[in-house]
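Taking it in order: structure first as structure tokens, then the write-up.
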Amino acid sequence: MNVAVAPAEPVLAMVLPTVLDGSVGTNRANGRHKQIAADTDIEAVRLWLAEYSASPHTLRSYRKEAVRLLLWATQMLDRPLSSLTREDFLLYERFLAAPTGDWADPALPRRGRARRLFDGPLSERSQHQALGILSGLMTYLVSAGYLAGNPLALRRGRTTSARRSRRVERYLDHALWDHVLVSLEQWPRLTERDEQHYERSRWLIRLLYHTALRVSEAANAKAADFYQRRGKWWLHVVGKGGAEGEVPVSDALMADFARYRGFHGLPPAPSASEGGPAVMSIAGNDARHLTPAAIYLIVKEVFRRAADALESTNPVGAATLHRASTHWLRHSAASHQADAGTDLRFIQKNLRHASIETTGIYLHAEDDRRHAQTVNEPDPLRPAQADAVQPPPTSPGPA
């Protein structure tokens with residue numbers, strides 16, 4: 001009995017002209033030890049992306065960089081991916097720093113075939129990330145016997161120590177975070193829909209901050225992922241590449257969860273048998289999870305409203321909030337934990353970093369103290385009275 005199986009939807013739905021499909025690219029290996037059957041660049045890149053199908057967030061990020069490079073190579077240089085040289089990638093690096101024309105036209109939509117592929121010039125950090133992803137792609141294709149060499153392997157990168165020594169900048173300081181919470185409480189709630197939107201936004205912003213979840217992790221989180229061990233609440237998380245971890249959950253966050261659940265008529269504490277998401281639809285439908293894009297838009301709205309309320313009194317803070325997004329909450333959580341003196345090893349586990357050196361970029365308080373002592377300001381980590389010079393005790397005079 002033959003069973004017809006529908007082909008899976010390709011992870012890269014692109015079509016290139018035959019002359020630019022890479023089948024005769026100048027960097028093709030053309031050896032006898034190919035590890036993949038792909039014969040065109042699209043087929044080869046599609047197979048590379050399929051390796052990340054279990055990690056939706058990573059897949060989206062990698063596909064974006066692959067699409068950018070494929071279109072740039074074929075449209076700007078009139079050559080396929082498998083013919084690119086080191087000189088071509090030097091040109092691409094300059095392009096990432098200053099994309100031109102329709103590539104970054106704000107009048108074009110962000111989705112669809114005629115979309116813009118850039119919101120503007122990439123920062124140095126984003127450029128480095130994009131080229132790192134593409135170098136991984138090229139290395140994969142070399143290992144697969146598809147390409148003869150990786151032009152990006154010749155790229156001189158920043159040293160690891162220099163890169164890791166820089167402190168993360170995309171986070172909210174304590175004052176801005178407090179303002180976000182206060183601003184949220186001032187949202188108008190005139191209709192049932194307003195009330196539903198407020199309660200969901202209130203819960204989501206706290207969930208992301210207190211657990212330092214990535215947006216994809218929050219989108220996939222289930223109510224049953226909250227569990228108790230030895231009387232303490234924990235959250236089970238499935239992160240990048242399917243890696244599992246657990247994050248400690250405070251009683252305050254569980255109280256916020258109980259409030260959110262109570263608003264939708266659910267018991268205060270989740271049970272292990274629940275199949276619904278941790279963050280539901282606006283009306284409380286627990287039949288399906290929110291998408292990462294929906295969570296991103298909710299958080300952006302929270303930050304935008306907070307920024308608008310701050311515009312007249314603190315334009316610098318307002319500008320920061322306008323730039324902020326979901327990942328800033330993860331950075332803020334780590335930075336605030338470090339400021340509070342939390343053991344760096346615990347922060348590493350909470351964020352599920354592979355290396356503690358990665359976690360070290362959140363030690364802002366250490367930098368604040370060094371700055372204060374260098375310019376003779378009061379130590380930000382010591383009480384003001386500790387800096388005052390105490391007079392020596394007076395000895396009693398003669399009787």
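Identifiers in this document derive from the order of the structure tokens: chains are assigned A, B, ..., residues are numbered from 1 separately in each chain, and ligands are numbered from 1 in order of occurrence.
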**OP:** Please provide as a ChimeraX atom specification all residues within 12 Å of A:Val215, with the sequence filter that same-chain residues fewer than 4 positions apart are discarded (counting only C-alpha atoms).
**Re:** /A:56-58,204-205,207-209,211,219-221,237-240,279,290-299,325-330
Subject >> Among listed residues A:Ala38, A:Val67, A:Val142, A:Leu131, nearest A:Arg116 (using only C-alpha atoms) >> reply: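 Comparing A:Ala38, A:Val67, A:Val142, A:Leu131 against A:Arg116, the winner is A:Val67.
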**OP:** Can you pull out every residue within 12 Å of A:His236, counting only C-alpha atoms, but drop anything in the same chain fewer than 2 positions away, and send it as an MDAnalysis selection string?
**Re:** chainID A and resid 211 213 217:218 220:229 233:234 238:239 243:249 272 278 350 352
Subject >> Who sits within 9 Å of A:Ile42, only C-alpha atoms, same chain under 3 positions skipped, as a ChimeraX atom specification >> reply: /A:12-16,21-22,38-39,45-47,70
**OP:** Check stretch 98-304 of chain A with DSSP on the backbone and list each residue it calls alpha helix (DSSP H), as a PyMOL selection string.
**Re:** chain A and resi 124-143+160-165+174-185+192-211+215-220+251-263+292-304
Original post:
Which residues come within 10 Å of A:Arg155, counting only C-alpha atoms, excluding same-chain residues fewer than 2 positions away, as a list in words?
Top reply: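 Within the cut-off, the hits are Arg86, Phe89, Leu90, Leu131, Ser135, Asn150, Pro151, Leu152, Ala153, Gly157 and Arg158 of chain A.
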Original post:
Hey, what does DSSP flag as strand (DSSP E or B) within stretch 159-296 of chain A? Can you give it to me as number ranges by chain?
Top reply: A: 222, 226-229, 232-238, 244-249, 277
Subject >> atom CA of A:Tyr140 to atom CA of A:Leu91, distance in Å rounded to a single decimal >> reply: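 So the answer is 22.2 Å.
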Subject >> Two-atom distance - atom CA of A:Leu141, atom CA of A:Ser123 (Å) >> reply: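 For atom CA of A:Leu141 relative to atom CA of A:Ser123, the distance reads 27.1 Å.
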Original post:
What gap, in Å, lies between atom CA of A:Arg28 and atom CA of A:His128?
Top reply: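 Straight-line distance from atom CA of A:Arg28 to atom CA of A:His128 works out to 25.5 Å.
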Original post:
With only C-alpha atoms as the basis for distance, which of A:Ser281, A:Asn27, A:Thr100, A:Thr85 is at the shortest distance from A:Gly145?
Top reply: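 Between A:Ser281, A:Asn27, A:Thr100, A:Thr85, the residue approaching A:Gly145 most closely is A:Asn27.
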